[in-house]
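Text of the file data_28.csv, holding CSV, C-alpha atoms:
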```
chain,number,residue,atom,x,y,z
A,1,MET,CA,5.2,23.1,4.9
A,2,SER,CA,1.8,23.2,3.2
A,3,PRO,CA,0.4,19.9,1.8
A,4,LEU,CA,0.6,21.2,-1.8
A,5,ARG,CA,4.2,22.2,-1.3
A,6,SER,CA,5.1,18.8,0.2
A,7,LEU,CA,3.5,17.2,-2.9
A,8,PHE,CA,6.3,18.4,-5.0
A,9,THR,CA,9.1,17.7,-2.5
A,10,LEU,CA,10.7,14.5,-3.6
A,11,PRO,CA,11.6,11.9,-0.9
A,12,SER,CA,15.1,10.6,-0.4
A,13,PHE,CA,15.7,7.4,-2.3
A,14,THR,CA,18.1,4.6,-1.3
A,15,ARG,CA,20.6,3.4,-3.8
A,16,GLY,CA,18.5,0.3,-4.3
A,17,GLU,CA,15.4,2.4,-5.0
A,18,LYS,CA,17.3,4.5,-7.5
A,19,LEU,CA,18.6,1.4,-9.2
A,20,LEU,CA,15.2,-0.1,-9.3
A,21,TRP,CA,13.7,3.0,-10.9
A,22,ALA,CA,16.6,3.3,-13.4
A,23,LEU,CA,16.4,-0.4,-14.4
A,24,SER,CA,12.7,-0.3,-14.7
A,25,SER,CA,12.7,2.8,-16.9
A,26,ALA,CA,15.5,1.4,-19.0
A,27,ALA,CA,13.7,-1.8,-19.6
A,28,VAL,CA,10.4,-0.3,-20.7
A,29,LEU,CA,12.2,2.3,-22.8
A,30,ALA,CA,14.3,-0.3,-24.6
A,31,ALA,CA,11.3,-2.4,-25.3
A,32,ALA,CA,9.3,0.5,-26.6
A,33,LEU,CA,12.1,1.7,-28.9
A,34,PHE,CA,12.8,-1.8,-30.1
A,35,MET,CA,9.1,-2.3,-31.1
A,36,ARG,CA,9.0,1.3,-32.4
A,37,SER,CA,6.0,2.1,-30.2
A,38,ASP,CA,4.0,5.3,-30.7
A,39,PRO,CA,4.6,8.2,-28.4
A,40,LEU,CA,1.4,7.4,-26.4
A,41,SER,CA,2.6,3.9,-25.5
A,42,LEU,CA,6.1,5.2,-24.8
A,43,SER,CA,4.9,7.9,-22.5
A,44,ALA,CA,2.7,5.5,-20.5
A,45,SER,CA,5.6,3.1,-20.1
A,46,LEU,CA,7.9,5.8,-18.7
A,47,ILE,CA,5.4,7.2,-16.3
A,48,GLY,CA,4.8,3.8,-14.9
A,49,PRO,CA,8.1,3.3,-13.1
A,50,ALA,CA,7.9,6.8,-11.8
A,51,PHE,CA,4.6,6.6,-10.1
A,52,LEU,CA,5.3,3.1,-8.8
A,53,ILE,CA,8.5,4.1,-6.9
A,54,LEU,CA,6.8,7.2,-5.5
A,55,ASN,CA,3.8,5.1,-4.4
A,56,ALA,CA,6.1,2.6,-2.8
A,57,LYS,CA,7.6,5.5,-0.8
A,58,GLY,CA,4.1,6.6,0.2
A,59,HIS,CA,4.5,9.9,-1.6
A,60,PRO,CA,1.3,11.7,-2.8
A,61,LEU,CA,2.9,12.7,-6.1
A,62,GLY,CA,2.7,9.0,-7.1
A,63,GLN,CA,-1.1,9.3,-7.0
A,64,LEU,CA,-1.0,12.4,-9.3
A,65,LEU,CA,1.1,10.5,-11.8
A,66,THR,CA,-1.3,7.5,-11.5
A,67,VAL,CA,-4.1,9.8,-12.9
A,68,VAL,CA,-1.9,10.6,-15.9
A,69,PHE,CA,-1.0,7.0,-16.5
A,70,SER,CA,-4.6,5.9,-16.2
A,71,VAL,CA,-5.7,8.2,-19.0
A,72,LEU,CA,-3.0,7.1,-21.3
A,73,TYR,CA,-3.5,3.4,-20.5
A,74,GLY,CA,-7.2,3.8,-21.0
A,75,ILE,CA,-6.6,5.0,-24.6
A,76,LEU,CA,-4.2,2.1,-25.2
A,77,ALA,CA,-6.8,-0.4,-23.9
A,78,PHE,CA,-9.5,1.0,-26.2
A,79,ARG,CA,-7.3,0.3,-29.2
A,80,GLN,CA,-7.2,-3.4,-28.3
A,81,THR,CA,-10.9,-3.5,-27.5
A,82,TYR,CA,-10.1,-4.2,-23.9
A,83,TYR,CA,-13.1,-2.2,-22.8
A,84,GLY,CA,-12.9,-3.5,-19.3
A,85,GLU,CA,-9.4,-2.1,-18.9
A,86,MET,CA,-10.5,1.2,-20.5
A,87,ILE,CA,-13.6,1.5,-18.2
A,88,THR,CA,-11.6,0.4,-15.1
A,89,TYR,CA,-8.8,2.9,-15.5
A,90,LEU,CA,-10.8,5.9,-16.8
A,91,GLY,CA,-13.9,5.3,-14.7
A,92,MET,CA,-12.4,3.8,-11.5
A,93,THR,CA,-8.6,4.0,-11.2
A,94,ALA,CA,-8.2,7.7,-12.2
A,95,PRO,CA,-11.1,9.1,-10.1
A,96,MET,CA,-10.0,6.9,-7.1
A,97,ALA,CA,-6.4,8.1,-7.5
A,98,VAL,CA,-7.7,11.7,-7.3
A,99,TYR,CA,-9.5,10.8,-4.0
A,100,ALA,CA,-6.4,8.9,-2.8
A,101,LEU,CA,-4.3,12.0,-3.5
A,102,ALA,CA,-6.5,14.1,-1.3
A,103,GLU,CA,-6.5,11.4,1.4
A,104,TRP,CA,-2.7,11.0,1.3
A,105,LEU,CA,-2.2,14.8,1.6
A,106,ARG,CA,-4.6,15.0,4.5
A,107,HIS,CA,-2.9,12.1,6.4
A,108,PRO,CA,0.9,12.6,6.5
A,109,ALA,CA,3.0,10.5,8.8
A,110,GLU,CA,4.4,13.7,10.1
A,111,LYS,CA,3.1,17.3,9.5
A,112,GLY,CA,4.8,18.8,6.5
A,113,LYS,CA,6.4,15.5,5.4
A,114,PRO,CA,5.7,13.9,2.0
A,115,GLU,CA,5.1,10.4,3.5
A,116,VAL,CA,1.5,9.1,4.1
A,117,LYS,CA,0.5,7.6,7.4
A,118,VAL,CA,-0.2,3.9,7.0
A,119,ASN,CA,-3.7,2.9,8.0
A,120,ARG,CA,-5.0,-0.4,9.5
A,121,LEU,CA,-8.4,-1.6,8.3
A,122,ARG,CA,-10.8,-3.0,10.9
A,123,PRO,CA,-12.5,-6.4,10.3
A,124,ARG,CA,-15.9,-4.7,9.6
A,125,GLU,CA,-14.4,-2.6,6.9
A,126,ILE,CA,-12.6,-5.6,5.4
A,127,LEU,CA,-16.0,-7.4,5.2
A,128,PHE,CA,-17.5,-4.4,3.6
A,129,MET,CA,-14.7,-4.2,1.1
A,130,CYS,CA,-15.1,-7.9,0.1
A,131,LEU,CA,-18.9,-7.5,-0.4
A,132,LEU,CA,-18.4,-4.3,-2.4
A,133,THR,CA,-15.8,-6.0,-4.6
A,134,ALA,CA,-18.1,-8.9,-5.3
A,135,ALA,CA,-20.9,-6.5,-6.3
A,136,VAL,CA,-18.6,-4.5,-8.6
A,137,THR,CA,-17.3,-7.7,-10.2
A,138,ALA,CA,-20.8,-9.0,-10.9
A,139,LEU,CA,-21.9,-5.6,-12.3
A,140,PHE,CA,-18.9,-5.3,-14.6
A,141,PHE,CA,-19.1,-8.8,-15.8
A,142,PHE,CA,-22.5,-8.1,-17.4
A,143,ILE,CA,-21.4,-4.6,-18.7
A,144,LEU,CA,-18.3,-6.1,-20.3
A,145,LYS,CA,-20.2,-9.0,-21.8
A,146,ALA,CA,-22.7,-6.6,-23.3
A,147,LEU,CA,-19.8,-4.6,-24.8
A,148,GLY,CA,-18.3,-7.7,-26.4
A,149,THR,CA,-15.1,-7.3,-24.4
A,150,ALA,CA,-12.2,-9.4,-25.5
A,151,ARG,CA,-11.0,-12.1,-23.0
A,152,LEU,CA,-14.1,-11.6,-20.8
A,153,PRO,CA,-13.0,-13.8,-17.8
A,154,LEU,CA,-9.5,-12.2,-17.6
A,155,SER,CA,-11.0,-8.8,-18.2
A,156,THR,CA,-13.5,-9.3,-15.3
A,157,LEU,CA,-10.7,-10.6,-13.0
A,158,SER,CA,-8.7,-7.5,-13.9
A,159,VAL,CA,-11.7,-5.3,-12.7
A,160,THR,CA,-11.8,-7.3,-9.4
A,161,THR,CA,-8.1,-6.9,-8.6
A,162,SER,CA,-8.1,-3.2,-9.8
A,163,PHE,CA,-11.0,-2.3,-7.5
A,164,LEU,CA,-9.3,-4.0,-4.5
A,165,ALA,CA,-6.1,-2.1,-5.3
A,166,VAL,CA,-7.7,1.3,-5.6
A,167,TYR,CA,-9.9,0.8,-2.5
A,168,LEU,CA,-6.9,-0.2,-0.4
A,169,THR,CA,-4.8,2.6,-1.9
A,170,ALA,CA,-7.4,5.2,-1.0
A,171,ARG,CA,-7.6,3.7,2.5
A,172,ARG,CA,-3.8,3.9,2.9
A,173,SER,CA,-3.5,0.1,3.6
A,174,ALA,CA,-0.1,-1.5,3.4
A,175,TYR,CA,-1.7,-4.3,1.3
A,176,PHE,CA,-2.6,-2.2,-1.7
A,177,PRO,CA,0.7,-3.1,-3.5
A,178,LEU,CA,-0.2,-6.8,-3.2
A,179,ALA,CA,-3.6,-6.1,-4.9
A,180,TYR,CA,-1.8,-4.2,-7.7
A,181,ALA,CA,0.7,-7.1,-8.0
A,182,ALA,CA,-2.3,-9.5,-8.5
A,183,ASN,CA,-3.7,-7.1,-11.1
A,184,ASP,CA,-0.3,-6.9,-12.8
A,185,THR,CA,-0.3,-10.7,-13.2
A,186,VAL,CA,-3.7,-10.6,-14.9
A,187,LEU,CA,-2.6,-7.8,-17.2
A,188,ILE,CA,0.5,-9.6,-18.2
A,189,ALA,CA,-1.7,-12.5,-19.4
A,190,LEU,CA,-4.1,-10.1,-21.2
A,191,TRP,CA,-1.3,-8.3,-23.1
A,192,ILE,CA,0.5,-11.5,-24.0
A,193,LEU,CA,-2.7,-12.6,-25.7
A,194,ALA,CA,-2.9,-9.2,-27.4
A,195,SER,CA,0.7,-9.5,-28.6
A,196,VAL,CA,-0.2,-12.6,-30.6
A,197,ARG,CA,-2.2,-10.6,-33.0
A,198,ASP,CA,-0.4,-7.3,-32.5
A,199,PRO,CA,3.4,-7.5,-31.7
A,200,ALA,CA,3.3,-3.8,-30.8
A,201,ALA,CA,1.6,-4.8,-27.6
A,202,LEU,CA,4.8,-6.6,-26.4
A,203,PRO,CA,6.3,-3.5,-24.7
A,204,THR,CA,3.1,-3.3,-22.6
A,205,VAL,CA,3.7,-6.9,-21.4
A,206,LEU,CA,7.2,-5.9,-20.2
A,207,CYS,CA,5.7,-2.7,-18.7
A,208,PHE,CA,3.4,-4.7,-16.4
A,209,ALA,CA,6.2,-7.2,-15.7
A,210,VAL,CA,8.2,-4.2,-14.4
A,211,PHE,CA,5.1,-3.1,-12.5
A,212,LEU,CA,4.9,-6.5,-10.8
A,213,VAL,CA,8.5,-6.2,-9.5
A,214,ASN,CA,7.9,-2.6,-8.3
A,215,ASP,CA,4.6,-3.5,-6.6
A,216,LEU,CA,6.2,-6.3,-4.7
A,217,TYR,CA,8.9,-3.9,-3.5
A,218,GLY,CA,6.1,-1.5,-2.6
A,219,PHE,CA,4.5,-4.0,-0.3
A,220,PHE,CA,7.9,-4.7,1.4
A,221,ASN,CA,8.5,-0.9,1.9
A,222,TRP,CA,4.9,-0.2,3.2
A,223,ARG,CA,5.3,-2.9,5.7
A,224,ARG,CA,8.6,-1.3,6.8
A,225,MET,CA,6.9,2.1,6.9
A,226,LYS,CA,4.1,0.7,9.0
A,227,GLU,CA,6.5,-0.8,11.5
A,228,ARG,CA,8.7,2.4,11.6
A,229,GLN,CA,5.6,4.7,12.1
A,230,GLY,CA,4.3,2.4,14.8
A,231,THR,CA,7.6,2.3,16.6
A,232,LYS,CA,7.9,6.1,16.5
A,233,LYS,CA,4.4,6.5,17.9
A,234,GLU,CA,5.2,4.2,20.8
A,235,ALA,CA,8.3,6.1,21.5
A,236,GLU,CA,6.4,9.4,21.6
A,237,THR,CA,3.8,8.0,24.0
A,238,PRO,CA,4.5,9.2,27.6
```
Using structure tokens, write down the structure that the file contains.
Amino acid sequence: MSPLRSLFTLPSFTRGEKLLWALSSAAVLAAALFMRSDPLSLSASLIGPAFLILNAKGHPLGQLLTVVFSVLYGILAFRQTYYGEMITYLGMTAPMAVYALAEWLRHPAEKGKPEVKVNRLRPREILFMCLLTAAVTALFFFILKALGTARLPLSTLSVTTSFLAVYLTARRSAYFPLAYAANDTVLIALWILASVRDPAALPTVLCFAVFLVNDLYGFFNWRRMKERQGTKKEAETP
């Protein structure tokens, strides 16, 4: 099976994963309809649970949907003058998701299978990642300050956690969902503050609360994938 064909071959979901996807989608849909959200916000909310569960399964299609979500979310952030979020998702998350998509397709756990091979980062790369994250954080702090970004400290912290998340995702690390979970926590705080002046932002708060639950599950499943792939490799070794 070619990589592109495997991209659109859905994985098998457990009952728990189906339930998580269904409840997550129902929660964000109910919130969006209750607040009479516009189609853009509704679309972003529904795409979220889909790409999260696929990413949790290590399926490359999740990265393709991440690109779509990033564009929609960037527009929503612009409306709230959260320029840090807009720049982060349009200028960093979306391009890195494209790169991650290529990497996930190039490194399947098994040839022709729609599950990515989990990677282990070496200490030298972890140090490089930390230094690069610090540099990106400092750079974006001054950029966001110059743009008059709302909630500057939280917006800067969001850049930090987002960069860690996209880097770890592109490198196929089992810890990328934890970085996204940290980012979800920051975004929940940002959008709660936004909902004080604009109640229409409340569905976005729920959206990222749902993301948090899904990312925590993603971390659990990637650890399980890593263990399963390692066990299989040992079994195949003569």
Would you please work out which residue, of A:Phe34, A:Ala150, A:Thr169, A:Cys207, is nearest to A:Ala50 when using all atoms listed in the file? A:Cys207
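Using all atoms listed in the file, the smallest distance between any of A:Thr149, A:Leu168, A:Phe13, A:Leu178 and A:Tyr82 comes from A:Thr149.
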Pick out the residues sitting within 10 Å of stretch 62-67 of chain A, and hand them over as a PyMOL selection string; count only C-alpha atoms, and ignore anything fewer than 4 positions along from it in its own chain. chain A and resi 7+47-58+71-73+89-90+93-102+104+169-170
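Minimum atom-to-atom distance to A:Leu144, evaluated using all atoms listed in the file, belongs to A:Leu157 out of A:Leu132, A:Leu20, A:Leu157, A:Val116.
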Min atom-atom distance to A:Met225 from the set A:Arg197, A:Leu187, A:His59, A:Phe211, counting all atoms listed in the file, belongs to A:His59
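Residue nearest A:Ala165 within the list A:Ala138, A:Ala189, A:Thr88, A:Lys117: A:Thr88 [criterion: smallest interatomic distance, only C-alpha atoms].
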Block slice stretch 1-149 of chain A, C-alpha atoms, emitted as a PDB file, in the first residue's frame:
```pdb
ATOM      1  CA  MET A   1       0.000   0.000   0.000  1.00  0.00           C
ATOM      2  CA  SER A   2       1.408   3.423  -0.993  1.00  0.00           C
ATOM      3  CA  PRO A   3       1.870   6.137   1.680  1.00  0.00           C
ATOM      4  CA  LEU A   4      -0.799   8.347   0.109  1.00  0.00           C
ATOM      5  CA  ARG A   5      -3.284   5.496   0.030  1.00  0.00           C
ATOM      6  CA  SER A   6      -2.598   4.637   3.651  1.00  0.00           C
ATOM      7  CA  LEU A   7      -3.243   8.299   4.512  1.00  0.00           C
ATOM      8  CA  PHE A   8      -6.935   7.804   3.785  1.00  0.00           C
ATOM      9  CA  THR A   9      -7.198   4.340   5.322  1.00  0.00           C
ATOM     10  CA  LEU A  10      -8.796   4.883   8.703  1.00  0.00           C
ATOM     11  CA  PRO A  11      -7.416   2.953  11.674  1.00  0.00           C
ATOM     12  CA  SER A  12      -9.513   0.647  13.794  1.00  0.00           C
ATOM     13  CA  PHE A  13     -10.904   2.400  16.865  1.00  0.00           C
ATOM     14  CA  THR A  14     -11.670   0.787  20.190  1.00  0.00           C
ATOM     15  CA  ARG A  15     -15.076   1.309  21.773  1.00  0.00           C
ATOM     16  CA  GLY A  16     -13.517   3.734  24.226  1.00  0.00           C
ATOM     17  CA  GLU A  17     -11.961   5.772  21.405  1.00  0.00           C
ATOM     18  CA  LYS A  18     -15.242   5.884  19.498  1.00  0.00           C
ATOM     19  CA  LEU A  19     -17.009   7.028  22.659  1.00  0.00           C
ATOM     20  CA  LEU A  20     -14.364   9.691  23.310  1.00  0.00           C
ATOM     21  CA  TRP A  21     -14.683  10.998  19.749  1.00  0.00           C
ATOM     22  CA  ALA A  22     -18.486  10.996  19.895  1.00  0.00           C
ATOM     23  CA  LEU A  23     -18.693  12.719  23.289  1.00  0.00           C
ATOM     24  CA  SER A  24     -16.051  15.280  22.321  1.00  0.00           C
ATOM     25  CA  SER A  25     -17.856  16.139  19.089  1.00  0.00           C
ATOM     26  CA  ALA A  26     -21.232  16.291  20.835  1.00  0.00           C
ATOM     27  CA  ALA A  27     -19.878  18.591  23.539  1.00  0.00           C
ATOM     28  CA  VAL A  28     -18.372  21.162  21.188  1.00  0.00           C
ATOM     29  CA  LEU A  29     -21.357  20.963  18.827  1.00  0.00           C
ATOM     30  CA  ALA A  30     -23.849  21.549  21.647  1.00  0.00           C
ATOM     31  CA  ALA A  31     -21.857  24.513  22.950  1.00  0.00           C
ATOM     32  CA  ALA A  32     -21.538  26.042  19.489  1.00  0.00           C
ATOM     33  CA  LEU A  33     -25.242  25.664  18.728  1.00  0.00           C
ATOM     34  CA  PHE A  34     -26.256  26.978  22.171  1.00  0.00           C
ATOM     35  CA  MET A  35     -24.159  30.109  21.676  1.00  0.00           C
ATOM     36  CA  ARG A  36     -25.277  30.378  18.033  1.00  0.00           C
ATOM     37  CA  SER A  37     -21.690  30.371  16.840  1.00  0.00           C
ATOM     38  CA  ASP A  38     -20.868  31.290  13.271  1.00  0.00           C
ATOM     39  CA  PRO A  39     -20.044  28.540  10.743  1.00  0.00           C
ATOM     40  CA  LEU A  40     -16.304  29.206  11.028  1.00  0.00           C
ATOM     41  CA  SER A  41     -16.210  28.614  14.778  1.00  0.00           C
ATOM     42  CA  LEU A  42     -18.498  25.592  14.439  1.00  0.00           C
ATOM     43  CA  SER A  43     -16.299  24.049  11.748  1.00  0.00           C
ATOM     44  CA  ALA A  44     -13.141  24.500  13.807  1.00  0.00           C
ATOM     45  CA  SER A  45     -14.827  22.972  16.850  1.00  0.00           C
ATOM     46  CA  LEU A  46     -15.888  19.860  14.948  1.00  0.00           C
ATOM     47  CA  ILE A  47     -12.566  19.346  13.167  1.00  0.00           C
ATOM     48  CA  GLY A  48     -10.776  19.478  16.527  1.00  0.00           C
ATOM     49  CA  PRO A  49     -11.949  16.133  17.979  1.00  0.00           C
ATOM     50  CA  ALA A  50     -11.367  14.436  14.625  1.00  0.00           C
ATOM     51  CA  PHE A  51      -7.723  15.386  14.261  1.00  0.00           C
ATOM     52  CA  LEU A  52      -7.057  14.778  17.942  1.00  0.00           C
ATOM     53  CA  ILE A  53      -8.261  11.185  17.951  1.00  0.00           C
ATOM     54  CA  LEU A  54      -6.382  10.490  14.708  1.00  0.00           C
ATOM     55  CA  ASN A  55      -3.190  12.022  16.125  1.00  0.00           C
ATOM     56  CA  ALA A  56      -3.671   9.947  19.269  1.00  0.00           C
ATOM     57  CA  LYS A  57      -3.697   6.877  17.022  1.00  0.00           C
ATOM     58  CA  GLY A  58      -0.542   8.019  15.238  1.00  0.00           C
ATOM     59  CA  HIS A  59      -2.426   8.352  11.944  1.00  0.00           C
ATOM     60  CA  PRO A  60      -1.021  10.844   9.356  1.00  0.00           C
ATOM     61  CA  LEU A  61      -4.519  12.065   8.412  1.00  0.00           C
ATOM     62  CA  GLY A  62      -4.582  13.777  11.793  1.00  0.00           C
ATOM     63  CA  GLN A  63      -1.781  16.072  10.630  1.00  0.00           C
ATOM     64  CA  LEU A  64      -3.658  16.961   7.458  1.00  0.00           C
ATOM     65  CA  LEU A  65      -6.706  17.965   9.522  1.00  0.00           C
ATOM     66  CA  THR A  66      -4.396  19.906  11.852  1.00  0.00           C
ATOM     67  CA  VAL A  67      -3.505  22.149   8.914  1.00  0.00           C
ATOM     68  CA  VAL A  68      -7.187  22.847   8.225  1.00  0.00           C
ATOM     69  CA  PHE A  69      -7.895  23.538  11.888  1.00  0.00           C
ATOM     70  CA  SER A  70      -4.889  25.863  12.166  1.00  0.00           C
ATOM     71  CA  VAL A  71      -6.178  28.070   9.347  1.00  0.00           C
ATOM     72  CA  LEU A  72      -9.668  28.314  10.851  1.00  0.00           C
ATOM     73  CA  TYR A  73      -8.366  28.925  14.361  1.00  0.00           C
ATOM     74  CA  GLY A  74      -5.948  31.588  13.113  1.00  0.00           C
ATOM     75  CA  ILE A  75      -8.895  33.544  11.727  1.00  0.00           C
ATOM     76  CA  LEU A  76     -10.807  33.200  15.005  1.00  0.00           C
ATOM     77  CA  ALA A  77      -7.777  34.391  16.987  1.00  0.00           C
ATOM     78  CA  PHE A  78      -7.424  37.426  14.725  1.00  0.00           C
ATOM     79  CA  ARG A  79     -10.968  38.447  15.573  1.00  0.00           C
ATOM     80  CA  GLN A  80     -10.063  38.535  19.284  1.00  0.00           C
ATOM     81  CA  THR A  81      -6.780  40.398  18.633  1.00  0.00           C
ATOM     82  CA  TYR A  82      -4.910  37.344  19.897  1.00  0.00           C
ATOM     83  CA  TYR A  83      -2.189  37.986  17.343  1.00  0.00           C
ATOM     84  CA  GLY A  84       0.142  35.557  19.062  1.00  0.00           C
ATOM     85  CA  GLU A  85      -2.330  32.749  18.472  1.00  0.00           C
ATOM     86  CA  MET A  86      -2.878  33.836  14.891  1.00  0.00           C
ATOM     87  CA  ILE A  87       0.843  33.984  14.105  1.00  0.00           C
ATOM     88  CA  THR A  88       1.537  30.754  15.970  1.00  0.00           C
ATOM     89  CA  TYR A  89      -1.098  28.692  14.177  1.00  0.00           C
ATOM     90  CA  LEU A  90      -0.753  30.194  10.703  1.00  0.00           C
ATOM     91  CA  GLY A  91       2.995  30.735  10.758  1.00  0.00           C
ATOM     92  CA  MET A  92       4.158  27.793  12.837  1.00  0.00           C
ATOM     93  CA  THR A  93       1.576  25.089  13.594  1.00  0.00           C
ATOM     94  CA  ALA A  94       0.207  24.806  10.046  1.00  0.00           C
ATOM     95  CA  PRO A  95       3.609  24.659   8.268  1.00  0.00           C
ATOM     96  CA  MET A  96       5.004  22.257  10.887  1.00  0.00           C
ATOM     97  CA  ALA A  97       1.921  20.051  10.497  1.00  0.00           C
ATOM     98  CA  VAL A  98       2.678  19.841   6.763  1.00  0.00           C
ATOM     99  CA  TYR A  99       6.241  18.804   7.603  1.00  0.00           C
ATOM    100  CA  ALA A 100       5.006  16.358  10.242  1.00  0.00           C
ATOM    101  CA  LEU A 101       2.592  14.855   7.701  1.00  0.00           C
ATOM    102  CA  ALA A 102       5.503  14.122   5.366  1.00  0.00           C
ATOM    103  CA  GLU A 103       7.572  12.675   8.226  1.00  0.00           C
ATOM    104  CA  TRP A 104       4.740  10.488   9.515  1.00  0.00           C
ATOM    105  CA  LEU A 105       4.155   9.131   6.009  1.00  0.00           C
ATOM    106  CA  ARG A 106       7.880   8.422   5.580  1.00  0.00           C
ATOM    107  CA  HIS A 107       8.195   6.593   8.904  1.00  0.00           C
ATOM    108  CA  PRO A 108       5.363   4.074   9.326  1.00  0.00           C
ATOM    109  CA  ALA A 109       5.585   1.520  12.125  1.00  0.00           C
ATOM    110  CA  GLU A 110       5.034  -1.108   9.435  1.00  0.00           C
ATOM    111  CA  LYS A 111       5.231  -0.708   5.672  1.00  0.00           C
ATOM    112  CA  GLY A 112       1.810   0.188   4.275  1.00  0.00           C
ATOM    113  CA  LYS A 113       0.271   0.649   7.730  1.00  0.00           C
ATOM    114  CA  PRO A 114      -1.324   3.984   8.764  1.00  0.00           C
ATOM    115  CA  GLU A 115       0.499   4.156  12.114  1.00  0.00           C
ATOM    116  CA  VAL A 116       3.636   6.224  12.603  1.00  0.00           C
ATOM    117  CA  LYS A 117       6.782   4.817  14.149  1.00  0.00           C
ATOM    118  CA  VAL A 118       7.419   6.344  17.584  1.00  0.00           C
ATOM    119  CA  ASN A 119      10.805   8.055  17.839  1.00  0.00           C
ATOM    120  CA  ARG A 120      13.085   8.477  20.877  1.00  0.00           C
ATOM    121  CA  LEU A 121      14.922  11.805  21.148  1.00  0.00           C
ATOM    122  CA  ARG A 122      18.562  11.773  22.172  1.00  0.00           C
ATOM    123  CA  PRO A 123      19.826  14.053  25.003  1.00  0.00           C
ATOM    124  CA  ARG A 124      21.685  16.286  22.542  1.00  0.00           C
ATOM    125  CA  GLU A 125      18.521  16.920  20.552  1.00  0.00           C
ATOM    126  CA  ILE A 126      16.524  17.589  23.726  1.00  0.00           C
ATOM    127  CA  LEU A 127      19.068  20.270  24.686  1.00  0.00           C
ATOM    128  CA  PHE A 128      18.871  21.749  21.184  1.00  0.00           C
ATOM    129  CA  MET A 129      15.065  21.768  21.402  1.00  0.00           C
ATOM    130  CA  CYS A 130      15.126  23.616  24.742  1.00  0.00           C
ATOM    131  CA  LEU A 131      17.561  26.259  23.470  1.00  0.00           C
ATOM    132  CA  LEU A 132      15.556  26.728  20.281  1.00  0.00           C
ATOM    133  CA  THR A 133      12.316  27.033  22.272  1.00  0.00           C
ATOM    134  CA  ALA A 134      13.872  29.712  24.501  1.00  0.00           C
ATOM    135  CA  ALA A 135      15.003  31.659  21.419  1.00  0.00           C
ATOM    136  CA  VAL A 136      11.571  31.416  19.769  1.00  0.00           C
ATOM    137  CA  THR A 137       9.873  32.528  23.001  1.00  0.00           C
ATOM    138  CA  ALA A 138      12.118  35.593  23.349  1.00  0.00           C
ATOM    139  CA  LEU A 139      11.643  36.542  19.705  1.00  0.00           C
ATOM    140  CA  PHE A 140       7.878  36.223  19.828  1.00  0.00           C
ATOM    141  CA  PHE A 141       7.611  38.165  23.087  1.00  0.00           C
ATOM    142  CA  PHE A 142       8.958  41.292  21.416  1.00  0.00           C
ATOM    143  CA  ILE A 143       6.964  40.715  18.224  1.00  0.00           C
ATOM    144  CA  LEU A 144       3.709  40.281  20.135  1.00  0.00           C
ATOM    145  CA  LYS A 145       4.471  43.258  22.357  1.00  0.00           C
ATOM    146  CA  ALA A 146       5.030  45.434  19.285  1.00  0.00           C
ATOM    147  CA  LEU A 147       1.703  44.266  17.851  1.00  0.00           C
ATOM    148  CA  GLY A 148      -0.152  45.182  21.038  1.00  0.00           C
ATOM    149  CA  THR A 149      -1.255  41.600  21.628  1.00  0.00           C
TER     150      THR A 149
END
```
